[in-house]
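Next comes entry.cif, with mmCIF, C-alpha atoms and all ligand atoms.
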data_protein
loop_
_atom_site.label_atom_id
_atom_site.label_comp_id
_atom_site.auth_asym_id
_atom_site.auth_seq_id
_atom_site.Cartn_x
_atom_site.Cartn_y
_atom_site.Cartn_z
CA MET J 1 83.72 101.92 88.50
CA LYS J 2 86.06 104.28 90.24
CA LYS J 3 85.15 103.53 93.84
CA ILE J 4 83.79 100.55 95.67
CA GLU J 5 82.85 99.88 99.25
CA ILE J 6 83.05 96.37 100.63
CA THR J 7 82.71 94.64 103.97
CA LYS J 8 86.12 94.83 105.64
CA PRO J 9 88.13 91.81 104.41
CA ASP J 10 89.55 88.92 106.42
CA ASP J 11 92.79 87.14 105.67
CA TRP J 12 92.24 83.48 106.44
CA HIS J 13 95.91 82.46 106.17
CA VAL J 14 98.82 84.59 107.33
CA HIS J 15 102.32 84.07 108.75
CA PHE J 16 103.34 86.63 111.33
CA ARG J 17 106.50 84.82 112.52
CA ASP J 18 107.72 86.17 115.89
CA ASN J 19 109.82 88.83 117.66
CA GLU J 20 111.10 91.69 115.46
CA ILE J 21 109.56 90.37 112.25
CA LEU J 22 106.19 90.03 113.96
CA LYS J 23 106.32 93.64 115.13
CA ALA J 24 107.13 94.82 111.60
CA VAL J 25 104.56 92.78 109.67
CA VAL J 26 101.48 92.73 111.94
CA PRO J 27 100.50 96.37 111.16
CA GLU J 28 100.70 95.62 107.42
CA THR J 29 97.86 93.12 107.89
CA THR J 30 95.81 94.81 110.63
CA ARG J 31 95.53 98.04 108.61
CA ASN J 32 93.17 96.47 106.08
CA PHE J 33 91.99 93.17 107.51
CA ALA J 34 89.55 92.66 110.37
CA ARG J 35 90.45 89.05 111.20
CA SER J 36 93.08 86.50 110.30
CA ILE J 37 93.91 82.89 110.89
CA ILE J 38 97.49 82.85 112.14
CA MET J 39 99.80 80.04 111.02
CA PRO J 40 101.58 78.10 113.79
CA ASN J 41 104.87 77.20 112.03
CA LEU J 42 107.21 79.09 114.32
CA ILE J 43 110.49 77.63 115.54
CA PRO J 44 109.52 75.77 117.70
CA PRO J 45 105.95 75.41 116.37
CA ILE J 46 102.77 76.27 118.31
CA LEU J 47 101.66 72.86 119.55
CA ASN J 48 99.06 73.56 122.22
CA GLY J 49 96.53 76.05 123.55
CA LYS J 50 98.90 77.54 126.08
CA GLN J 51 101.50 78.40 123.45
CA ALA J 52 98.76 79.72 121.14
CA THR J 53 97.46 82.03 123.86
CA ALA J 54 100.93 83.43 124.57
CA TYR J 55 101.50 83.94 120.83
CA LYS J 56 98.13 85.67 120.49
CA LYS J 57 99.18 88.12 123.21
CA ARG J 58 102.37 88.95 121.30
CA ILE J 59 100.28 89.61 118.18
CA GLU J 60 97.84 91.82 120.10
CA ASP J 61 100.76 93.77 121.57
CA ALA J 62 102.07 94.38 118.05
CA THR J 63 98.68 95.54 116.71
CA PRO J 64 98.43 99.35 116.39
CA LYS J 65 95.84 100.82 118.77
CA LYS J 66 93.82 102.32 115.89
CA ASP J 67 93.20 98.92 114.28
CA THR J 68 90.42 96.60 115.36
CA PHE J 69 91.82 93.20 114.59
CA LYS J 70 91.07 89.71 115.78
CA PRO J 71 93.65 86.94 115.41
CA PHE J 72 92.37 83.35 115.25
CA MET J 73 94.96 80.95 116.58
CA THR J 74 95.93 77.53 115.28
CA ILE J 75 98.05 74.65 116.44
CA TYR J 76 100.44 72.62 114.42
CA LEU J 77 99.36 68.98 114.15
CA THR J 78 102.00 66.36 114.81
CA GLU J 79 101.78 62.62 115.21
CA GLN J 80 101.96 63.30 118.96
CA THR J 81 99.06 65.78 119.16
CA ASP J 82 96.89 64.83 122.14
CA LYS J 83 93.20 64.78 121.20
CA ASN J 84 91.99 65.56 124.73
CA GLU J 85 94.27 68.55 125.08
CA LEU J 86 93.21 69.72 121.62
CA LYS J 87 89.55 69.38 122.57
CA GLU J 88 90.07 71.40 125.75
CA SER J 89 91.94 74.18 123.92
CA PHE J 90 89.21 74.38 121.31
CA ILE J 91 86.41 74.51 123.88
CA ASN J 92 88.29 77.23 125.82
CA ASN J 93 88.66 79.27 122.59
CA ALA J 94 92.45 79.17 122.88
CA ILE J 95 92.58 77.70 119.39
CA PHE J 96 90.29 78.01 116.41
CA ALA J 97 91.67 75.42 114.01
CA ALA J 98 94.48 72.93 113.51
CA LYS J 99 96.98 72.95 110.70
CA LEU J 100 98.20 69.89 108.87
CA TYR J 101 101.63 70.20 107.30
CA PRO J 102 102.95 67.07 105.66
CA ALA J 103 106.50 66.74 107.12
CA GLY J 104 108.90 68.93 105.16
CA ALA J 105 106.28 70.61 102.95
CA THR J 106 107.38 74.21 103.55
CA THR J 107 109.21 76.66 105.84
CA ASN J 108 109.56 75.23 109.37
CA SER J 109 107.41 72.17 108.66
CA GLY J 110 109.97 69.65 109.91
CA SER J 111 107.71 68.42 112.71
CA GLY J 112 104.80 67.78 110.34
CA VAL J 113 102.86 64.58 109.81
CA LYS J 114 104.50 61.63 108.02
CA ASP J 115 101.70 59.08 108.24
CA ILE J 116 98.15 60.45 108.01
CA LYS J 117 96.71 57.31 109.62
CA LYS J 118 98.48 58.23 112.87
CA ILE J 119 96.43 61.41 113.26
CA MET J 120 93.04 60.00 112.26
CA PRO J 121 91.84 59.80 115.91
CA VAL J 122 92.65 63.52 116.31
CA LEU J 123 90.85 64.36 113.07
CA GLU J 124 87.86 62.35 114.26
CA THR J 125 87.76 64.45 117.46
CA MET J 126 87.94 67.62 115.36
CA ALA J 127 85.04 66.46 113.18
CA THR J 128 82.94 65.85 116.30
CA LEU J 129 83.82 69.30 117.69
CA GLY J 130 83.25 71.12 114.40
CA MET J 131 86.85 72.32 114.51
CA PRO J 132 88.30 73.23 111.09
CA LEU J 133 91.27 71.37 109.63
CA LEU J 134 93.57 73.58 107.55
CA ILE J 135 95.74 71.72 105.09
CA HIS J 136 98.96 72.46 103.27
CA GLY J 137 98.03 70.13 100.43
CA GLU J 138 101.28 68.87 98.97
CA VAL J 139 102.96 65.49 99.22
CA THR J 140 106.61 65.74 100.20
CA ASP J 141 107.97 62.67 98.39
CA GLN J 142 111.02 64.08 96.58
CA LYS J 143 110.41 61.58 93.76
CA ILE J 144 107.17 63.37 92.86
CA ASP J 145 107.65 66.32 90.51
CA ILE J 146 107.39 69.60 92.44
CA PHE J 147 104.68 70.87 90.08
CA ASP J 148 102.54 67.74 90.70
CA ARG J 149 102.74 67.55 94.49
CA GLU J 150 99.40 69.26 95.12
CA LYS J 151 97.56 67.07 92.59
CA VAL J 152 99.02 63.89 94.08
CA PHE J 153 98.11 65.07 97.58
CA ILE J 154 94.45 65.60 96.74
CA GLU J 155 94.18 62.28 94.92
CA THR J 156 95.76 60.28 97.70
CA ILE J 157 95.66 61.93 101.13
CA LEU J 158 92.85 64.48 100.87
CA ALA J 159 90.48 62.05 99.14
CA PHE J 160 91.22 59.55 101.93
CA ILE J 161 90.50 62.06 104.74
CA ILE J 162 87.22 63.19 103.15
CA ASN J 163 86.14 59.64 102.55
CA GLU J 164 86.83 58.67 106.16
CA LEU J 165 85.46 61.87 107.72
CA PRO J 166 82.98 63.59 105.36
CA GLU J 167 81.68 65.73 108.24
CA LEU J 168 85.10 67.28 108.97
CA LYS J 169 85.31 70.96 108.00
CA ILE J 170 88.40 71.34 105.81
CA THR J 171 90.19 74.23 104.14
CA LEU J 172 92.53 73.22 101.37
CA GLU J 173 94.86 76.16 101.64
CA HIS J 174 96.54 78.21 98.92
CA ILE J 175 95.36 76.05 96.03
CA THR J 176 97.38 76.43 92.85
CA THR J 177 95.94 74.12 90.19
CA SER J 178 92.82 73.52 88.12
CA ASP J 179 92.86 70.00 89.59
CA SER J 180 92.27 71.48 93.03
CA VAL J 181 89.56 73.83 91.77
CA ASN J 182 87.72 70.88 90.22
CA PHE J 183 88.20 68.67 93.25
CA VAL J 184 86.88 71.34 95.64
CA ASN J 185 83.93 72.07 93.36
CA GLU J 186 82.93 68.43 93.28
CA ALA J 187 83.55 67.63 96.95
CA ASN J 188 80.99 67.95 99.74
CA LYS J 189 80.14 71.32 101.29
CA ASN J 190 82.64 70.89 104.13
CA LEU J 191 85.61 71.29 101.80
CA CYS J 192 86.49 74.85 100.79
CA ALA J 193 89.72 76.37 99.50
CA SER J 194 91.70 79.53 100.00
CA ILE J 195 93.60 81.25 97.19
CA THR J 196 96.53 83.69 97.47
CA PRO J 197 96.99 86.98 95.58
CA HIS J 198 100.31 85.81 94.14
CA HIS J 199 98.87 82.61 92.64
CA LEU J 200 96.11 84.73 91.06
CA ALA J 201 98.62 87.25 89.75
CA LEU J 202 101.47 85.21 88.32
CA ASN J 203 102.44 81.97 86.64
CA ARG J 204 105.66 80.01 87.00
CA ASN J 205 107.49 81.84 84.21
CA THR J 206 107.94 84.75 86.61
CA ILE J 207 110.29 82.71 88.79
CA PHE J 208 112.74 82.34 85.90
CA LYS J 209 112.31 85.59 83.93
CA GLY J 210 115.84 86.79 83.12
CA GLY J 211 117.40 84.55 85.78
CA ILE J 212 116.33 82.84 88.98
CA ARG J 213 114.23 85.17 91.11
CA PRO J 214 114.01 84.03 94.70
CA HIS J 215 111.38 86.60 95.72
CA TYR J 216 108.87 84.77 93.54
CA PHE J 217 109.64 81.37 95.06
CA CYS J 218 106.84 80.15 97.28
CA LEU J 219 105.28 76.83 98.21
CA PRO J 220 103.15 75.54 96.66
CA ILE J 221 105.25 76.81 93.75
CA LEU J 222 103.65 79.02 91.06
CA LYS J 223 102.12 76.90 88.29
CA ARG J 224 101.36 77.08 84.55
CA GLU J 225 99.22 79.86 83.08
CA LYS J 226 96.25 77.52 82.55
CA HIS J 227 96.21 76.83 86.29
CA ARG J 228 96.44 80.53 87.14
CA LYS J 229 93.45 81.20 84.87
CA SER J 230 91.49 78.47 86.54
CA LEU J 231 92.21 80.04 89.96
CA VAL J 232 91.10 83.45 88.68
CA ASP J 233 87.88 81.89 87.37
CA ALA J 234 87.24 80.26 90.74
CA ALA J 235 88.01 83.40 92.76
CA THR J 236 85.98 85.75 90.57
CA SER J 237 83.03 83.36 90.16
CA GLY J 238 81.53 84.31 93.52
CA ASN J 239 81.35 80.58 94.36
CA SER J 240 81.22 80.37 98.14
CA LYS J 241 83.77 77.53 98.22
CA PHE J 242 86.67 79.90 97.41
CA PHE J 243 88.01 82.73 99.54
CA LEU J 244 91.10 84.77 100.32
CA GLY J 245 94.03 83.50 102.35
CA THR J 246 97.05 85.62 101.45
CA ASP J 247 99.69 83.20 102.75
CA SER J 248 101.73 86.33 103.36
CA ALA J 249 105.04 84.85 104.51
CA PRO J 250 107.87 87.23 105.38
CA HIS J 251 111.55 86.27 105.16
CA PHE J 252 114.66 88.41 105.38
CA VAL J 253 116.38 89.14 102.06
CA SER J 254 119.42 87.22 103.32
CA ASP J 255 117.29 84.08 103.70
CA LYS J 256 115.69 84.50 100.26
CA GLU J 257 118.79 85.49 98.24
CA ASN J 258 120.70 82.45 99.27
CA ALA J 259 122.12 79.26 97.73
CA CYS J 260 119.14 77.49 99.34
CA GLY J 261 116.58 80.30 99.58
CA CYS J 262 113.43 80.07 101.70
CA ALA J 263 109.97 79.73 100.18
CA GLY J 264 107.46 82.49 100.80
CA VAL J 265 106.11 85.77 99.46
CA PHE J 266 105.39 88.73 101.73
CA ASN J 267 102.25 90.24 100.19
CA ALA J 268 100.27 91.71 103.12
CA SER J 269 101.02 95.34 102.22
CA TYR J 270 99.23 95.42 98.83
CA SER J 271 97.04 92.32 98.79
CA LEU J 272 93.82 94.28 98.44
CA PRO J 273 94.93 96.70 95.69
CA ILE J 274 96.38 93.74 93.76
CA LEU J 275 93.17 91.73 94.12
CA ALA J 276 90.97 94.68 93.15
CA GLN J 277 93.10 95.13 90.01
CA ILE J 278 92.86 91.43 89.10
CA PHE J 279 89.10 91.40 89.64
CA ASP J 280 88.75 94.64 87.64
CA ASN J 281 90.85 93.20 84.80
CA ASN J 282 88.39 90.30 84.72
CA ASN J 283 85.26 92.49 84.92
CA ALA J 284 84.48 90.94 88.27
CA LEU J 285 84.61 93.77 90.82
CA LYS J 286 81.09 92.75 91.87
CA THR J 287 82.35 89.48 93.32
CA LEU J 288 85.44 90.90 95.05
CA GLU J 289 83.62 91.28 98.36
CA LYS J 290 82.47 87.66 98.32
CA PHE J 291 86.03 86.49 97.85
CA THR J 292 87.68 88.80 100.39
CA SER J 293 85.00 89.29 103.03
CA ILE J 294 82.07 86.86 102.89
CA ASN J 295 82.82 83.34 101.68
CA GLY J 296 85.52 82.65 104.28
CA ALA J 297 83.44 83.89 107.18
CA SER J 298 80.55 81.67 106.17
CA HIS J 299 82.83 78.62 105.80
CA TYR J 300 84.03 79.23 109.36
CA ASN J 301 80.49 79.93 110.67
CA LEU J 302 81.43 83.48 111.66
CA SER J 303 79.36 86.60 111.20
CA ARG J 304 80.41 89.19 108.65
CA ASN J 305 82.42 92.19 109.72
CA LYS J 306 80.31 95.25 110.46
CA ILE J 307 82.98 97.73 109.33
CA LYS J 308 83.33 98.67 105.66
CA LEU J 309 86.40 99.35 103.57
CA LYS J 310 86.59 101.62 100.54
CA LEU J 311 88.75 101.09 97.49
CA LYS J 312 89.36 103.72 94.85
CA LYS J 313 90.78 103.63 91.36
CA ASN J 314 93.49 106.21 90.69
CA GLU J 315 94.55 107.90 87.45
CA ASN J 316 98.13 106.78 87.92
CA PRO J 317 99.46 103.40 88.98
CA LEU J 318 100.33 102.85 92.60
CA ARG J 319 104.00 103.15 93.55
CA LEU J 320 104.65 100.18 95.77
CA ARG J 321 107.05 100.40 98.67
CA LYS J 322 109.86 97.97 97.89
CA SER J 323 110.61 96.61 101.34
CA LEU J 324 110.09 96.73 105.09
CA GLU J 325 113.08 97.47 107.29
CA VAL J 326 113.59 95.28 110.33
CA ASN J 327 116.67 95.96 112.46
CA GLY J 328 118.87 96.72 109.46
CA GLU J 329 117.53 93.72 107.50
CA LYS J 330 114.96 93.95 104.71
CA ILE J 331 111.81 92.03 103.85
CA ILE J 332 110.90 92.46 100.19
CA ILE J 333 107.27 93.40 99.53
CA PHE J 334 105.54 91.37 96.81
CA ASP J 335 105.35 93.16 93.46
CA PRO J 336 103.17 91.45 90.82
CA GLU J 337 104.85 93.52 88.08
CA PHE J 338 101.70 94.87 86.49
CA SER J 339 100.10 98.28 86.94
CA ILE J 340 97.84 98.59 89.95
CA PHE J 341 95.42 101.50 89.83
CA TRP J 342 93.35 100.46 92.83
CA ASP J 343 94.17 101.43 96.39
CA VAL J 344 92.53 101.31 99.77
CA ALA J 345 90.90 104.71 100.42
CA LEU J 346 91.10 106.36 103.80
CA PRO J 347 87.80 105.98 105.66
ZN ZN B 401 101.33 79.36 104.53
#

Take the structure in the file and write it out as structure tokens.
Amino acid sequence: MKKIEITKPDDWHVHFRDNEILKAVVPETTRNFARSIIMPNLIPPILNGKQATAYKKRIEDATPKKDTFKPFMTIYLTEQTDKNELKESFINNAIFAAKLYPAGATTNSGSGVKDIKKIMPVLETMATLGMPLLIHGEVTDQKIDIFDREKVFIETILAFIINELPELKITLEHITTSDSVNFVNEANKNLCASITPHHLALNRNTIFKGGIRPHYFCLPILKREKHRKSLVDAATSGNSKFFLGTDSAPHFVSDKENACGCAGVFNASYSLPILAQIFDNNNALKTLEKFTSINGASHYNLSRNKIKLKLKKNENPLRLRKSLEVNGEKIIIFDPEFSIFWDVALP
């Protein structure tokens, strides 16, 4: 196949940050995606409907006029989240979902939840409303090996939440292990998972190839090859429980190339060509649309996008832009370091 046409994709997990970074990165997403769930981990985080609405306006202002794009807003759950206020914001469509970050799990997650039992009344309200819970599924206990934090999270905290509230709609975000794939497969229909392009593309060796490479450091951290293969199997299977969330997470070079560099990969620019190449390499182009454009929408009870998007396979590999410039600073664009022949075709 040299050309395919798919329903315009959605990115169900993206970080736009704020201010100058926001203005630079929003067009990279809105060019090829129709809708996104926007992460709330700003400094300070988005905690209520009012803040979410103001943030949504800033995103809409940064969206190029030619792009039809709909941002879905989230709030950041804390042990102080008020369930009545949350209910009101959800009913007023100010927020679409709530995000659970265990305290300290990733960039700007300092106000996250320490004791899951403290937020159970809020989760109960969400289950009643049909409001999705989005989870960064890693424990933050520094005594647990960094490569095992997702597995321990699902066995302890996620299993507990599902057992208490089986009717709660949950997205286990950016899964990275075969343990998560198996857990999601065996769980009830309300648990689905998103997968990122970088976890499909690379294993943990990339972080250390020839030295330490901060632009491949993300959280959850890249895992062993057997886990990457398991993610590729899940994504290409067509199974409706798995869908795309890029977790595109921009940082300035100065914050990445640092004695204590930030976690995050900025992949919005070439997510779709990279995914098309991975699916093609696995003889699975037929299921690409399910992963990028259909499974997520059905998990969130949303209709499919009406617009289509074309991808074409070129003779020569794509030459990726290396970075985005923002006020004299740079944000490095994710490069999976294999040849990508696919590209989004102009409509
Ligand atoms: Zn994220």

To test the calculation: enclose all listed atoms of region 66-76 of chain J in a box whose edges run along x, y and z, add 6 Å on each side, then state centre and edge lengths in Å to one decimal, as lines of an AutoDock Vina configuration file.
center_x = 95.4
center_y = 87.5
center_z = 115.4
size_x = 22.0
size_y = 41.7
size_z = 14.3

Next item on the list: Could you please extract the residues within 7 Å of ligand ZN 401 (chain B), counting only C-alpha atoms and all ligand atoms, and hand them back as a list in words?
Entry: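 Selection of residues at most 7 Å from ligand ZN 401 (chain B): His13, Val14, His15, Met39, Asp247 and Ala249 of chain J.
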
Next item on the list: Pick out the residues sitting within 12 Å of Thr53 (chain J), and hand them over as a PyMOL selection string; count only C-alpha atoms, and ignore anything fewer than 2 positions along from it in its own chain.
Entry: chain J and resi 38+40+46-51+55-60+71-75+89-90+92-96

Notebook entry, point to check: Which polymer residues have any atom within 6 Å of an atom of region 291-307 of chain J, counting all atoms listed in the file, with same-chain residues fewer than 6 positions away left out, as a list in words?
Noted result: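 Counting all atoms listed in the file, the residues come to Thr7, Lys8, Pro9, Asp10, Ser240, Phe243 and Leu244 of chain J.
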
Margin query: With distances taken over only C-alpha atoms, which residue among J:Pro347, J:Pro214, J:Gly238, J:Gly104 lies nearest Ala284 (chain J)?
Written below: J:Gly238

Item checked: Using all atoms listed in the file: which of J:Asn205, J:Pro273, J:Glu329, J:Ser194 has the shortest distance to Ala234 (chain J) ->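 Comparing J:Asn205, J:Pro273, J:Glu329, J:Ser194 against Ala234 (chain J), the winner is J:Ser194.
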
Check: CA of Phe242 (chain J) and CA of Leu288 (chain J), how far apart in Å?
Finding: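 It comes out at 11.3 Å.
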
Margin query: To one decimal place in Å, what is the distance between CA of Asp179 (chain J) and CA of Arg224 (chain J)?
Written below: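 Going from CA of Asp179 (chain J) over to CA of Arg224 (chain J) covers 12.2 Å.
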
Using 12 Å as the limit and counting all atoms listed in the file, can you tabulate each residue of region 65-126 of chain J that touches region 141-145 of chain J, with its shortest atom-to-atom distance in Å and the two atoms involved, as a tab-separated table?
residue	atom	partner	partner_atom	distance
J:Pro102	CA	J:Asp141	CA	9.9
J:Ala103	CA	J:Asp141	CA	9.7
J:Gly104	CA	J:Asp141	CA	9.3
J:Ala105	CA	J:Asp141	CA	9.3
J:Lys114	CA	J:Asp141	CA	10.3

Margin query: I need the residue nearest Ala34 (chain J) from this list: J:Glu257, J:Asp11, J:Glu5, J:Asp18. Use only C-alpha atoms for the distance.
Written below: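 Of J:Glu257, J:Asp11, J:Glu5, J:Asp18, the one nearest Ala34 (chain J), counting only C-alpha atoms, is J:Asp11.
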
Checklist line | d(CA of Ile119 (chain J), CA of Ile170 (chain J)) in Å | finding: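 Result for CA of Ile119 (chain J) versus CA of Ile170 (chain J): 14.8 Å, one decimal.
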
Margin query: Please determine, counting only C-alpha atoms, which residue among J:Leu123, J:Asp148, J:Ser269, J:Ile195 has the shortest atom-to-atom distance to Glu164 (chain J).
Written below: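 Among the listed residues, J:Leu123 lies closest to Glu164 (chain J).
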
Notebook entry, point to check: Got a sec to check which residues sit within 8 Å of (102.9, 75.2, 95.8), counting only C-alpha atoms, and write them as number ranges by chain?
Noted result: J: 138, 146-147, 149-150, 174-176, 218-223

Mind checking which residues fall within 9 Å of Leu318 (chain J), counting only C-alpha atoms, ignoring those fewer than 6 positions away in the same chain, and posting them as a compact mmCIF listing (two decimals) with C-alpha atoms, keeping the file's coordinate frame?
# COMPACT_ATOMS: atom_id res chain seq x y z
CA PRO J 273 94.93 96.70 95.69
CA SER J 339 100.10 98.28 86.94
CA ILE J 340 97.84 98.59 89.95
CA PHE J 341 95.42 101.50 89.83
CA TRP J 342 93.35 100.46 92.83
CA ASP J 343 94.17 101.43 96.39

Check: Out of J:Asn163, J:Ser36, J:Asn239, J:Gln80, which residue has the shortest atom-to-atom distance to Ala193 (chain J) when counting only C-alpha atoms?
Finding: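 Answer, going by the shortest atom-to-atom distance: J:Asn239.
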
What lies within 8 Å of Ile6 (chain J) using only C-alpha atoms, ignoring chain neighbours under 5 positions off, as a PDB file with C-alpha atoms, keeping the file's coordinate frame?
ATOM      1  CA  GLU J 289      83.620  91.280  98.360  1.00  0.00           C
ATOM      2  CA  SER J 293      85.000  89.290 103.030  1.00  0.00           C
ATOM      3  CA  LYS J 308      83.330  98.670 105.660  1.00  0.00           C
ATOM      4  CA  LEU J 309      86.400  99.350 103.570  1.00  0.00           C
ATOM      5  CA  LYS J 310      86.590 101.620 100.540  1.00  0.00           C
TER       6      LYS J 310
END
